[in-house]
Amino acid sequence: EKPGDRGSLARASGNYATVIGQIPEMGITRLRLPSGSKKTLKSECRGTVGMVAGAGRVDKPLLKAGRAFYKNRAKRNSWPRTRGVAMNPVDHVHGGGNHQHIGKASTVSRSSVPGQKVGLIAARRTGLIRGSKENKN
């Protein structure tokens with residue numbers, strides 16, 4: 001992003017960014033990032049030639065819960081994930097009832113109070129998204 005920031009783009013395993021153009025008189029370099037978006041940097045920024053090691057890491061399945069446990073233990077407390085409908089009403093907005101169902105619309109407004117913001121927050125649309133998504137650049 002900036003010269004001297006010790007590298008912040010395309011650092012995950014198997015990632016790389018491609019130089020797609022330079023304007024030497026302005027000192028600007030254009031990059032294509034792994035997401036497909038384009039970014040403009042100063043030409044003083046350094047980069048490494050090649051791609052980050054460990055490509056294909058996500059191709060091999062974890063196969064068992066223990067590997068998922070140890071993978072997520074090193075990161076953050078995000079596993080296992082308990083669904084809201086499986087909880088009691090004291091624990092989650094979607095909890096309780098005689099069957100595991102939400103019981104009300106899952107969309108909530110942007111102006112909802114913090115304890116109410118679960119589900120689809122300020123959804124523009126819901127349902128199956130049909131058709132292809134085109135990248136506009």
# chains A, B, ... in the order shown; residues from 1 in each chain; ligands from 1

call {"tool": "select_by_dssp", "arguments": {"residues": "chain A", "states": "alpha helix (DSSP H)", "output": "PyMOL selection string"}}
result
chain A and resi 65-73

call {"tool": "residues_around", "arguments": {"residues": "range 126-130 of chain A", "least_positions_apart": "6", "cutoff": "12 Å", "atoms": "only C-alpha atoms", "output": "list in words"}}
result
Ala105, Ser106, Thr107, Val108, Gly119 and Leu120 of chain A

call {"tool": "atom_distance", "arguments": {"atom1": "CA of Ser37 in chain A", "atom2": "CA of Asn72 in chain A"}}
result
28.4 Å

call {"tool": "residues_around", "arguments": {"residues": "range 46-58 of chain A", "least_positions_apart": "2", "cutoff": "9 Å", "atoms": "only C-alpha atoms", "output": "ChimeraX atom specification"}}
result
/A:3-4,6-7,10-17,43-44,60-62

call {"tool": "atom_distance", "arguments": {"atom1": "CA of Arg76 in chain A", "atom2": "CA of His92 in chain A"}}
result
20.8 Å

call {"tool": "select_by_dssp", "arguments": {"residues": "chain A", "states": "strand (DSSP E)", "output": "NGL selection string"}}
result
:A and (18-23 or 28-32 or 38-42 or 107-108 or 120-121)

call {"tool": "write_last_selection", "arguments": {"atoms": "N, CA and C atoms", "output": "short mmCIF file (atom, residue, chain, number, x, y, z; two decimals), in the first residue's frame"}}
result
data_model
loop_
_atom_site.label_atom_id
_atom_site.label_comp_id
_atom_site.auth_asym_id
_atom_site.auth_seq_id
_atom_site.Cartn_x
_atom_site.Cartn_y
_atom_site.Cartn_z
N THR A 18 -0.31 -9.15 -9.86
CA THR A 18 0.31 -8.97 -11.16
C THR A 18 0.43 -7.49 -11.48
N VAL A 19 1.61 -7.07 -11.93
CA VAL A 19 1.80 -5.69 -12.39
C VAL A 19 1.18 -5.59 -13.77
N ILE A 20 0.17 -4.72 -13.91
CA ILE A 20 -0.50 -4.60 -15.21
C ILE A 20 -0.14 -3.32 -15.94
N GLY A 21 0.58 -2.42 -15.28
CA GLY A 21 0.99 -1.21 -15.98
C GLY A 21 1.75 -0.27 -15.07
N GLN A 22 2.52 0.60 -15.72
CA GLN A 22 3.29 1.59 -14.98
C GLN A 22 3.26 2.92 -15.73
N ILE A 23 3.26 4.00 -14.96
CA ILE A 23 3.40 5.35 -15.53
C ILE A 23 4.64 5.95 -14.88
N ILE A 28 3.72 5.84 -10.75
CA ILE A 28 2.55 5.05 -10.37
C ILE A 28 2.64 3.67 -11.01
N THR A 29 2.27 2.66 -10.25
CA THR A 29 2.20 1.28 -10.73
C THR A 29 0.81 0.73 -10.47
N ARG A 30 0.24 0.02 -11.46
CA ARG A 30 -1.09 -0.59 -11.30
C ARG A 30 -0.91 -2.09 -11.08
N LEU A 31 -1.64 -2.63 -10.09
CA LEU A 31 -1.59 -4.05 -9.77
C LEU A 31 -2.97 -4.67 -9.94
N ARG A 32 -2.99 -5.96 -10.33
CA ARG A 32 -4.22 -6.74 -10.25
C ARG A 32 -4.08 -7.68 -9.06
N LYS A 38 -8.31 -3.92 -9.11
CA LYS A 38 -7.06 -3.26 -9.49
C LYS A 38 -6.73 -2.19 -8.47
N LYS A 39 -5.43 -2.02 -8.23
CA LYS A 39 -4.99 -1.07 -7.21
C LYS A 39 -3.83 -0.26 -7.78
N THR A 40 -3.78 1.00 -7.41
CA THR A 40 -2.70 1.89 -7.84
C THR A 40 -1.77 2.16 -6.66
N LEU A 41 -0.48 1.95 -6.88
CA LEU A 41 0.53 2.15 -5.83
C LEU A 41 1.59 3.11 -6.32
N LYS A 42 2.36 3.62 -5.39
CA LYS A 42 3.54 4.38 -5.76
C LYS A 42 4.61 3.42 -6.26
N THR A 107 -34.80 -10.88 8.22
CA THR A 107 -34.22 -9.59 7.85
C THR A 107 -34.50 -8.56 8.94
N VAL A 108 -33.48 -7.80 9.29
CA VAL A 108 -33.64 -6.74 10.29
C VAL A 108 -33.12 -5.44 9.69
N LEU A 120 -30.20 -11.40 8.51
CA LEU A 120 -29.82 -10.63 7.33
C LEU A 120 -30.00 -9.15 7.65
N ILE A 121 -28.88 -8.46 7.89
CA ILE A 121 -28.93 -7.07 8.33
C ILE A 121 -29.05 -6.17 7.11
#

call {"tool": "residues_around", "arguments": {"residues": "Met87 in chain A", "least_positions_apart": "3", "cutoff": "12 Å", "atoms": "only C-alpha atoms", "output": "list in words"}}
result
Arg81, Thr82, Arg83, Gly84, Val90, Asp91, His92, Val93, His94, Gly95, Gly96, Gly97, Asn98, His99, Gln100, His101 and Ile102 of chain A

call {"tool": "write_last_selection", "arguments": {"atoms": "C-alpha atoms", "output": "PDB file, in the first residue's frame"}}
result
ATOM      1  CA  ARG A  81     -20.373 -22.596  15.414  1.00  0.00           C
ATOM      2  CA  THR A  82     -23.716 -23.139  17.123  1.00  0.00           C
ATOM      3  CA  ARG A  83     -26.794 -22.071  15.172  1.00  0.00           C
ATOM      4  CA  GLY A  84     -29.048 -19.505  16.784  1.00  0.00           C
ATOM      5  CA  VAL A  90     -32.104 -16.285  26.605  1.00  0.00           C
ATOM      6  CA  ASP A  91     -29.006 -16.901  24.454  1.00  0.00           C
ATOM      7  CA  HIS A  92     -30.129 -15.810  20.984  1.00  0.00           C
ATOM      8  CA  VAL A  93     -32.941 -13.979  19.200  1.00  0.00           C
ATOM      9  CA  HIS A  94     -33.675 -17.066  17.088  1.00  0.00           C
ATOM     10  CA  GLY A  95     -33.727 -19.463  20.032  1.00  0.00           C
ATOM     11  CA  GLY A  96     -36.604 -21.306  21.679  1.00  0.00           C
ATOM     12  CA  GLY A  97     -39.864 -22.741  20.417  1.00  0.00           C
ATOM     13  CA  ASN A  98     -40.997 -26.299  19.953  1.00  0.00           C
ATOM     14  CA  HIS A  99     -39.301 -26.685  16.579  1.00  0.00           C
ATOM     15  CA  GLN A 100     -36.026 -25.256  15.343  1.00  0.00           C
ATOM     16  CA  HIS A 101     -37.331 -22.315  13.339  1.00  0.00           C
ATOM     17  CA  ILE A 102     -36.675 -18.589  13.471  1.00  0.00           C
TER      18      ILE A 102
END

call {"tool": "closest_residue", "arguments": {"among": "A:Leu9, A:Val118, A:Ala68, A:Cys45", "to": "Val85 in chain A", "atoms": "only C-alpha atoms"}}
result
A:Val118
